[in-house]
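model-v4.cif, holding mmCIF, C-alpha atoms and all ligand atoms:
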```cif
data_work
#
loop_
_atom_site.label_atom_id
_atom_site.label_comp_id
_atom_site.auth_asym_id
_atom_site.auth_seq_id
_atom_site.Cartn_x
_atom_site.Cartn_y
_atom_site.Cartn_z
CA MET X 37 117.23 -36.41 149.12
CA ASN X 38 114.90 -39.01 150.66
CA VAL X 39 111.96 -39.88 148.40
CA ILE X 40 109.01 -41.82 149.81
CA ILE X 41 107.04 -43.62 147.09
CA LEU X 42 103.33 -43.70 147.93
CA GLY X 43 100.17 -44.79 146.16
CA THR X 44 97.29 -47.23 146.33
CA ALA X 45 97.91 -50.99 146.06
CA GLY X 46 99.13 -51.89 142.60
CA SER X 47 99.72 -48.29 141.49
CA GLY X 48 103.33 -49.22 140.71
CA LYS X 49 105.32 -48.12 143.80
CA SER X 50 107.78 -51.00 143.74
CA LEU X 51 108.34 -50.95 139.99
CA LEU X 52 108.79 -47.16 140.02
CA THR X 53 111.25 -47.43 142.92
CA SER X 54 113.26 -49.90 140.88
CA GLU X 55 113.11 -48.15 137.50
CA PHE X 56 113.42 -44.57 138.73
CA GLY X 57 116.40 -45.74 140.79
CA LYS X 58 118.07 -47.17 137.67
CA PHE X 59 117.32 -43.94 135.82
CA LEU X 60 118.88 -41.83 138.59
CA ALA X 61 121.95 -44.07 138.69
CA ALA X 62 122.33 -43.72 134.91
CA GLU X 63 122.15 -39.93 135.39
CA GLY X 64 125.16 -40.23 137.70
CA TYR X 65 123.46 -39.99 141.10
CA SER X 66 124.18 -42.31 144.00
CA VAL X 67 121.01 -44.23 144.92
CA ARG X 68 119.99 -46.31 147.94
CA TYR X 69 116.83 -48.38 148.32
CA ILE X 70 114.67 -48.98 151.39
CA ASN X 71 111.77 -51.41 151.44
CA LEU X 72 109.17 -50.76 154.14
CA ASP X 73 106.64 -53.30 152.84
CA PRO X 74 106.66 -56.33 155.16
CA GLY X 75 104.05 -58.07 153.01
CA CYS X 76 105.75 -58.29 149.64
CA THR X 77 107.25 -61.51 148.35
CA PHE X 78 109.24 -60.04 145.48
CA ILE X 79 110.97 -56.70 145.06
CA PRO X 80 112.47 -55.69 141.73
CA TYR X 81 115.51 -53.88 143.20
CA GLN X 82 118.41 -54.65 145.53
CA CYS X 83 117.55 -53.32 149.01
CA ASP X 84 120.02 -51.47 151.19
CA PHE X 85 117.52 -51.84 154.03
CA ASP X 86 114.64 -54.29 153.96
CA VAL X 87 112.09 -54.30 156.79
CA ARG X 88 111.54 -57.99 156.06
CA SER X 89 114.88 -58.67 157.73
CA ARG X 90 113.05 -57.72 160.98
CA PHE X 91 109.59 -59.20 160.38
CA THR X 92 107.17 -60.14 157.64
CA LEU X 93 103.39 -60.08 157.46
CA GLU X 94 103.46 -63.86 157.15
CA SER X 95 105.56 -64.29 160.33
CA ILE X 96 103.19 -62.02 162.29
CA MET X 97 100.15 -63.94 161.04
CA GLN X 98 101.70 -67.19 162.18
CA THR X 99 103.21 -66.20 165.50
CA GLU X 100 100.35 -63.96 166.63
CA ARG X 101 97.58 -65.99 165.00
CA LEU X 102 96.17 -62.96 163.20
CA GLY X 103 94.36 -62.54 159.90
CA PRO X 104 95.85 -60.33 157.15
CA ASN X 105 94.31 -57.07 158.41
CA GLY X 106 95.17 -57.64 162.07
CA ALA X 107 98.70 -58.61 161.05
CA LEU X 108 98.99 -55.46 158.90
CA LEU X 109 98.11 -53.27 161.89
CA ARG X 110 100.62 -55.11 164.08
CA ALA X 111 103.20 -54.72 161.32
CA MET X 112 102.63 -50.95 161.29
CA ASP X 113 103.06 -50.84 165.12
CA LYS X 114 106.34 -52.68 164.70
CA LEU X 115 107.42 -50.53 161.76
CA GLY X 116 107.06 -47.46 163.96
CA ARG X 117 109.67 -48.91 166.31
CA VAL X 118 112.19 -50.12 163.71
CA ARG X 119 115.38 -48.10 163.36
CA ILE X 120 115.50 -47.23 159.69
CA PRO X 121 118.94 -46.08 158.50
CA ASN X 122 119.39 -42.64 156.93
CA PHE X 123 121.74 -43.22 154.01
CA ASN X 124 124.09 -40.55 152.82
CA ALA X 125 123.20 -40.85 149.13
CA ASP X 126 122.04 -38.36 146.50
CA PHE X 127 118.72 -40.19 146.48
CA THR X 128 117.28 -42.75 148.88
CA LEU X 129 114.12 -44.26 147.45
CA ILE X 130 111.72 -45.58 150.08
CA ASP X 131 109.15 -48.12 148.92
CA THR X 132 106.09 -48.30 151.19
CA PRO X 133 103.54 -50.98 152.13
CA GLY X 134 101.25 -52.17 149.35
CA GLN X 135 98.18 -51.04 151.30
CA LEU X 136 98.60 -47.26 151.45
CA GLU X 137 95.92 -46.58 154.06
CA ALA X 138 97.53 -48.99 156.54
CA PHE X 139 100.68 -46.88 156.34
CA ALA X 140 99.41 -43.33 155.90
CA PHE X 141 96.48 -43.50 158.31
CA HIS X 142 98.18 -45.51 161.04
CA LYS X 143 99.90 -43.50 163.77
CA SER X 144 103.29 -44.83 162.65
CA GLY X 145 103.00 -43.45 159.10
CA PRO X 146 103.54 -39.71 159.78
CA LYS X 147 106.14 -40.57 162.44
CA ILE X 148 108.17 -42.62 159.97
CA ALA X 149 107.77 -40.15 157.10
CA ARG X 150 108.95 -37.19 159.16
CA ARG X 151 111.87 -39.12 160.61
CA PHE X 152 113.67 -38.83 157.26
CA SER X 153 115.55 -35.63 156.64
CA LYS X 154 115.10 -33.73 153.32
CA VAL X 155 112.09 -35.85 152.51
CA THR X 156 109.68 -35.60 149.58
CA GLY X 157 106.80 -37.93 148.77
CA VAL X 158 105.93 -39.13 145.28
CA PHE X 159 102.28 -40.12 145.10
CA LEU X 160 101.35 -42.44 142.25
CA ILE X 161 97.91 -42.36 140.70
CA ASP X 162 97.22 -45.23 138.32
CA ALA X 163 96.40 -43.31 135.13
CA THR X 164 94.08 -46.07 133.94
CA ILE X 165 91.59 -44.98 136.62
CA GLY X 166 90.12 -42.66 133.97
CA LEU X 167 89.23 -39.02 133.76
CA LYS X 168 85.98 -39.12 135.73
CA ASP X 169 87.69 -40.50 138.82
CA MET X 170 90.86 -38.41 138.54
CA PRO X 171 89.57 -35.72 140.95
CA ALA X 172 88.85 -38.35 143.62
CA ALA X 173 92.31 -39.88 143.18
CA TYR X 174 93.97 -36.45 143.31
CA LEU X 175 91.99 -35.57 146.41
CA TYR X 176 93.26 -38.77 148.01
CA SER X 177 96.84 -37.73 147.26
CA LEU X 178 96.15 -34.39 148.98
CA ALA X 179 94.69 -36.19 152.00
CA VAL X 180 97.84 -38.32 152.26
CA LYS X 181 100.07 -35.26 151.90
CA TYR X 182 98.10 -33.52 154.66
CA ARG X 183 98.21 -36.60 156.87
CA LEU X 184 101.96 -37.28 156.47
CA GLY X 185 102.88 -33.60 156.63
CA ILE X 186 105.60 -33.80 153.96
CA ASP X 187 106.20 -32.16 150.57
CA MET X 188 104.70 -34.25 147.85
CA VAL X 189 104.74 -34.58 144.09
CA THR X 190 101.73 -36.30 142.52
CA VAL X 191 102.30 -38.24 139.31
CA LEU X 192 100.11 -40.30 137.00
CA ASN X 193 101.76 -43.67 136.46
CA LYS X 194 101.19 -46.34 133.77
CA VAL X 195 100.81 -43.76 131.01
CA ASP X 196 102.09 -46.45 128.60
CA LEU X 197 98.69 -48.11 128.96
CA LEU X 198 96.86 -45.05 127.61
CA THR X 199 96.35 -44.09 124.00
CA GLU X 200 98.09 -40.89 122.98
CA VAL X 201 94.71 -39.21 122.51
CA TYR X 202 93.54 -40.15 125.99
CA ALA X 203 96.84 -39.07 127.57
CA GLU X 204 96.42 -35.66 125.87
CA LYS X 205 92.86 -35.45 127.19
CA ILE X 206 94.13 -36.10 130.71
CA LYS X 207 96.83 -33.42 130.32
CA ARG X 208 94.18 -30.89 129.25
CA PHE X 209 92.03 -31.84 132.20
CA LEU X 210 94.92 -31.44 134.64
CA ALA X 211 95.74 -28.02 133.19
CA ASN X 212 92.12 -26.94 133.63
CA PRO X 213 90.10 -29.33 135.84
CA SER X 214 86.82 -27.43 135.72
CA SER X 215 86.76 -27.68 131.90
CA HIS X 216 85.54 -31.21 132.42
CA LYS X 217 82.18 -29.96 133.71
CA LEU X 218 80.92 -30.47 130.16
CA SER X 219 80.40 -34.17 130.72
CA LEU X 220 78.57 -33.67 133.99
CA LYS X 221 75.45 -35.32 132.67
CA LYS X 222 77.29 -38.62 132.77
CA ILE X 223 78.18 -38.05 136.40
CA GLY X 224 74.51 -37.87 137.43
CA VAL X 225 73.99 -38.02 141.21
CA LEU X 226 77.62 -37.04 141.84
CA ALA X 227 77.21 -33.68 140.09
CA ASP X 228 76.66 -31.96 143.46
CA ILE X 229 80.12 -32.81 144.69
CA TYR X 230 81.85 -32.90 141.30
CA VAL X 231 81.48 -29.16 140.65
CA PRO X 232 82.90 -27.90 143.98
CA LEU X 233 85.57 -30.58 143.78
CA SER X 234 86.68 -29.49 140.30
CA GLU X 235 86.74 -25.86 141.42
CA MET X 236 88.82 -26.73 144.44
CA LEU X 237 91.21 -28.73 142.23
CA GLU X 238 91.45 -25.79 139.84
CA ARG X 239 92.85 -23.77 142.72
CA VAL X 240 95.38 -26.40 143.87
CA VAL X 241 96.44 -28.34 140.78
CA PRO X 242 98.04 -25.57 138.69
CA ALA X 243 100.33 -24.82 141.64
CA GLN X 244 102.23 -27.97 140.73
CA ARG X 245 102.55 -29.87 137.46
CA ILE X 246 101.44 -33.48 137.45
CA PRO X 247 103.74 -35.46 135.18
CA LEU X 248 102.49 -38.47 133.25
CA VAL X 249 105.04 -41.21 133.84
CA SER X 250 105.54 -44.88 133.19
CA ALA X 251 107.52 -47.10 135.52
CA LYS X 252 107.63 -49.55 132.64
CA THR X 253 109.03 -47.32 129.88
CA GLU X 254 110.68 -44.52 131.96
CA ALA X 255 108.46 -41.96 130.23
CA GLY X 256 108.29 -38.73 132.22
CA PHE X 257 111.21 -39.61 134.52
CA MET X 258 113.21 -36.49 133.62
CA GLU X 259 110.19 -34.31 134.45
CA LEU X 260 109.73 -36.14 137.75
CA LEU X 261 113.38 -35.52 138.60
CA SER X 262 113.12 -31.81 137.85
CA LEU X 263 109.92 -31.59 139.91
CA LEU X 264 111.66 -33.18 142.88
CA TYR X 265 114.33 -30.49 142.65
CA GLU X 266 111.70 -27.76 142.23
CA VAL X 267 109.85 -28.88 145.36
CA LYS X 268 113.02 -28.69 147.39
CA CYS X 269 113.92 -25.28 145.93
CA VAL X 270 110.49 -23.81 146.75
CA CYS X 271 110.82 -24.82 150.38
CA GLY X 272 114.32 -23.37 150.49
CA ASP X 273 116.21 -26.65 150.54
CA LEU X 274 118.53 -26.80 147.56
CA THR X 275 120.37 -29.98 148.46
N1 LIG X 301 102.02 -51.13 132.09
C1 LIG X 301 102.52 -50.74 133.26
N2 LIG X 301 102.45 -51.54 134.32
C2 LIG X 301 102.96 -51.09 135.49
C3 LIG X 301 103.55 -49.82 135.62
N3 LIG X 301 103.95 -49.67 136.91
C4 LIG X 301 103.62 -50.82 137.53
N4 LIG X 301 103.03 -51.70 136.69
C5 LIG X 301 102.52 -53.03 136.98
O1 LIG X 301 101.51 -52.92 137.97
C6 LIG X 301 101.58 -54.03 138.88
C7 LIG X 301 101.74 -53.52 140.31
O2 LIG X 301 103.00 -52.88 140.40
P1 LIG X 301 103.78 -52.78 141.78
O3 LIG X 301 105.03 -52.00 141.54
O4 LIG X 301 103.93 -54.11 142.41
O5 LIG X 301 102.71 -51.92 142.62
P2 LIG X 301 102.72 -51.51 144.18
O6 LIG X 301 101.73 -52.40 144.86
O7 LIG X 301 102.24 -50.10 144.20
O8 LIG X 301 104.12 -51.67 144.67
C8 LIG X 301 102.73 -54.90 138.40
O9 LIG X 301 102.22 -55.93 137.59
C9 LIG X 301 103.59 -53.93 137.58
O10 LIG X 301 104.33 -54.59 136.57
C10 LIG X 301 103.61 -48.98 134.47
O11 LIG X 301 104.08 -47.83 134.46
N5 LIG X 301 103.06 -49.49 133.30
MG MG X 302 104.98 -52.81 146.23
#
```

Please express what this file holds, its structure, as structure tokens.
Amino acid sequence: MNVIILGTAGSGKSLLTSEFGKFLAAEGYSVRYINLDPGCTFIPYQCDFDVRSRFTLESIMQTERLGPNGALLRAMDKLGRVRIPNFNADFTLIDTPGQLEAFAFHKSGPKIARRFSKVTGVFLIDATIGLKDMPAAYLYSLAVKYRLGIDMVTVLNKVDLLTEVYAEKIKRFLANPSSHKLSLKKIGVLADIYVPLSEMLERVVPAQRIPLVSAKTEAGFMELLSLLYEVKCVCGDLT
């Protein structure tokens, strides 16, 4: 199974790739790692394929005399043309560029994502974003799923940074998003979009559990693994 790790900058993609990989290996699975982030300077896992062996953001900035954003766009053009190996492992974990939008909303993003066979995305939401902004973050994960056109599991990462009480509150919200309407007064001018948004989420969220995980402590990893299998079973792919 190929698993593309997605999420906004700093949501924990690289750390989750590393720690979930170790967890899978300890469970007896064969694991391979692919890094598609040309801009990172450190990766916490041993790559089987690293795009930085072809180019880096730094090298593009220097040779093409571009600023960071221009270089990022050029990097995505180049990434679309790189031959990325398909490993024959139980799990290949694919770490993606720090800046999600540069990957997902560039023309190369969907092309690359769909090039992998048996592919599932894991979208990380940083759980410390808080309850009020959870619907916006979840909506973003749906937009990325729609854009890339792949199956996707959404998870809340960094649950170790929440108190137990707050984590429970988030779980209740995810089980019943429109229950949160009670604190609408605090939302003020956003109330107009918050209500339809919560109702829309109520229709989509229960279709799939959203595990609370921690790339730091491995909390929720077993649930993430079973969700990955569930996603593949639902779409008829049991491998
Ligand atoms: N406490 C905590 N920190 C995390 C977790 N996952 C990632 N981090 C930290 O968040 C920062 C960004 O993580 P990184 O994996 O580089 O994010 P990326 O940009 O999405 O690849 C780093 O300092 C990580 O140590 C987590 O589950 N818990
Ligand atoms: Mg990273």

Tell me, as a ChimeraX atom specification, which residues lie within 10 Å of range 109-120 of chain X, counting only C-alpha atoms; anything in the same chain fewer than 3 positions away does not count. /X:70-75,85-87,90-93,95-97,100,102,104-106,123,133,138-140,142-148,151-152

All residues within 9 Å of ligand LIG 301 (chain X) are required, counting all atoms listed in the file; please report them as number ranges by chain. X: 41-54, 73, 76, 78-80, 131-136, 160, 162-163, 192-197, 249-255

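Nearest to ligand MG 302 (chain X) of all the residues X:Val67, X:Ala62, X:Asn38, X:Tyr81 is X:Tyr81, based on only C-alpha atoms and all ligand atoms.
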
Computed interatomic separation between CA of Val39 in chain X and CA of Glu266 in chain X (Å):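 Separation of CA of Val39 in chain X and CA of Glu266 in chain X: 13.6 Å.
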
One decimal, in Å: what's the spacing between CA of Phe141 in chain X and CA of Gly103 in chain X? 19.2 Å

Spatial neighbours of Val241 in chain X, max dist 12 Å, only C-alpha atoms, sep filter under 6 positions, as a PDB file with C-alpha atoms, in the coordinates of the input:
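The resulting file, out_30.pdb, is shown below:
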```
ATOM      1  CA  MET X 170      90.860 -38.410 138.540  1.00  0.00           C
ATOM      2  CA  PRO X 171      89.570 -35.720 140.950  1.00  0.00           C
ATOM      3  CA  TYR X 174      93.970 -36.450 143.310  1.00  0.00           C
ATOM      4  CA  LEU X 175      91.990 -35.570 146.410  1.00  0.00           C
ATOM      5  CA  SER X 177      96.840 -37.730 147.260  1.00  0.00           C
ATOM      6  CA  LEU X 178      96.150 -34.390 148.980  1.00  0.00           C
ATOM      7  CA  VAL X 189     104.740 -34.580 144.090  1.00  0.00           C
ATOM      8  CA  THR X 190     101.730 -36.300 142.520  1.00  0.00           C
ATOM      9  CA  VAL X 191     102.300 -38.240 139.310  1.00  0.00           C
ATOM     10  CA  LYS X 207      96.830 -33.420 130.320  1.00  0.00           C
ATOM     11  CA  PHE X 209      92.030 -31.840 132.200  1.00  0.00           C
ATOM     12  CA  LEU X 210      94.920 -31.440 134.640  1.00  0.00           C
ATOM     13  CA  ALA X 211      95.740 -28.020 133.190  1.00  0.00           C
ATOM     14  CA  ASN X 212      92.120 -26.940 133.630  1.00  0.00           C
ATOM     15  CA  PRO X 213      90.100 -29.330 135.840  1.00  0.00           C
ATOM     16  CA  SER X 214      86.820 -27.430 135.720  1.00  0.00           C
ATOM     17  CA  LEU X 233      85.570 -30.580 143.780  1.00  0.00           C
ATOM     18  CA  SER X 234      86.680 -29.490 140.300  1.00  0.00           C
ATOM     19  CA  GLU X 235      86.740 -25.860 141.420  1.00  0.00           C
ATOM     20  CA  PRO X 247     103.740 -35.460 135.180  1.00  0.00           C
TER      21      PRO X 247
END
```

Expressed in Å to a single decimal, how great is the separation between CA of Val158 in chain X and CA of Leu264 in chain X?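 Calculated distance between CA of Val158 in chain X and CA of Leu264 in chain X is 8.6 Å.
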
Shortest interatomic distance to Glu63 in chain X - which of X:Leu263, X:Met258, X:Ala203, X:Val180, counting all atoms listed in the file: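 Checking each of X:Leu263, X:Met258, X:Ala203, X:Val180 against Glu63 in chain X, counting all atoms listed in the file, the winner is X:Met258.
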
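In this comparison, which uses all atoms listed in the file, the residue of X:Val231, X:Leu226, X:Ile130, X:Ile246 approaching ligand MG 302 (chain X) most closely is X:Ile130.
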
Between X:Thr77, X:Thr199, X:Tyr69, X:Cys269, which residue has the minimum interatomic distance to ligand MG 302 (chain X), considering all atoms listed in the file?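 Of X:Thr77, X:Thr199, X:Tyr69, X:Cys269, the one nearest ligand MG 302 (chain X), counting all atoms listed in the file, is X:Thr77.
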
With distances taken over all atoms listed in the file, the candidate from X:Ala107, X:Leu237, X:Met37, X:Val267 nearest Met188 in chain X is X:Val267
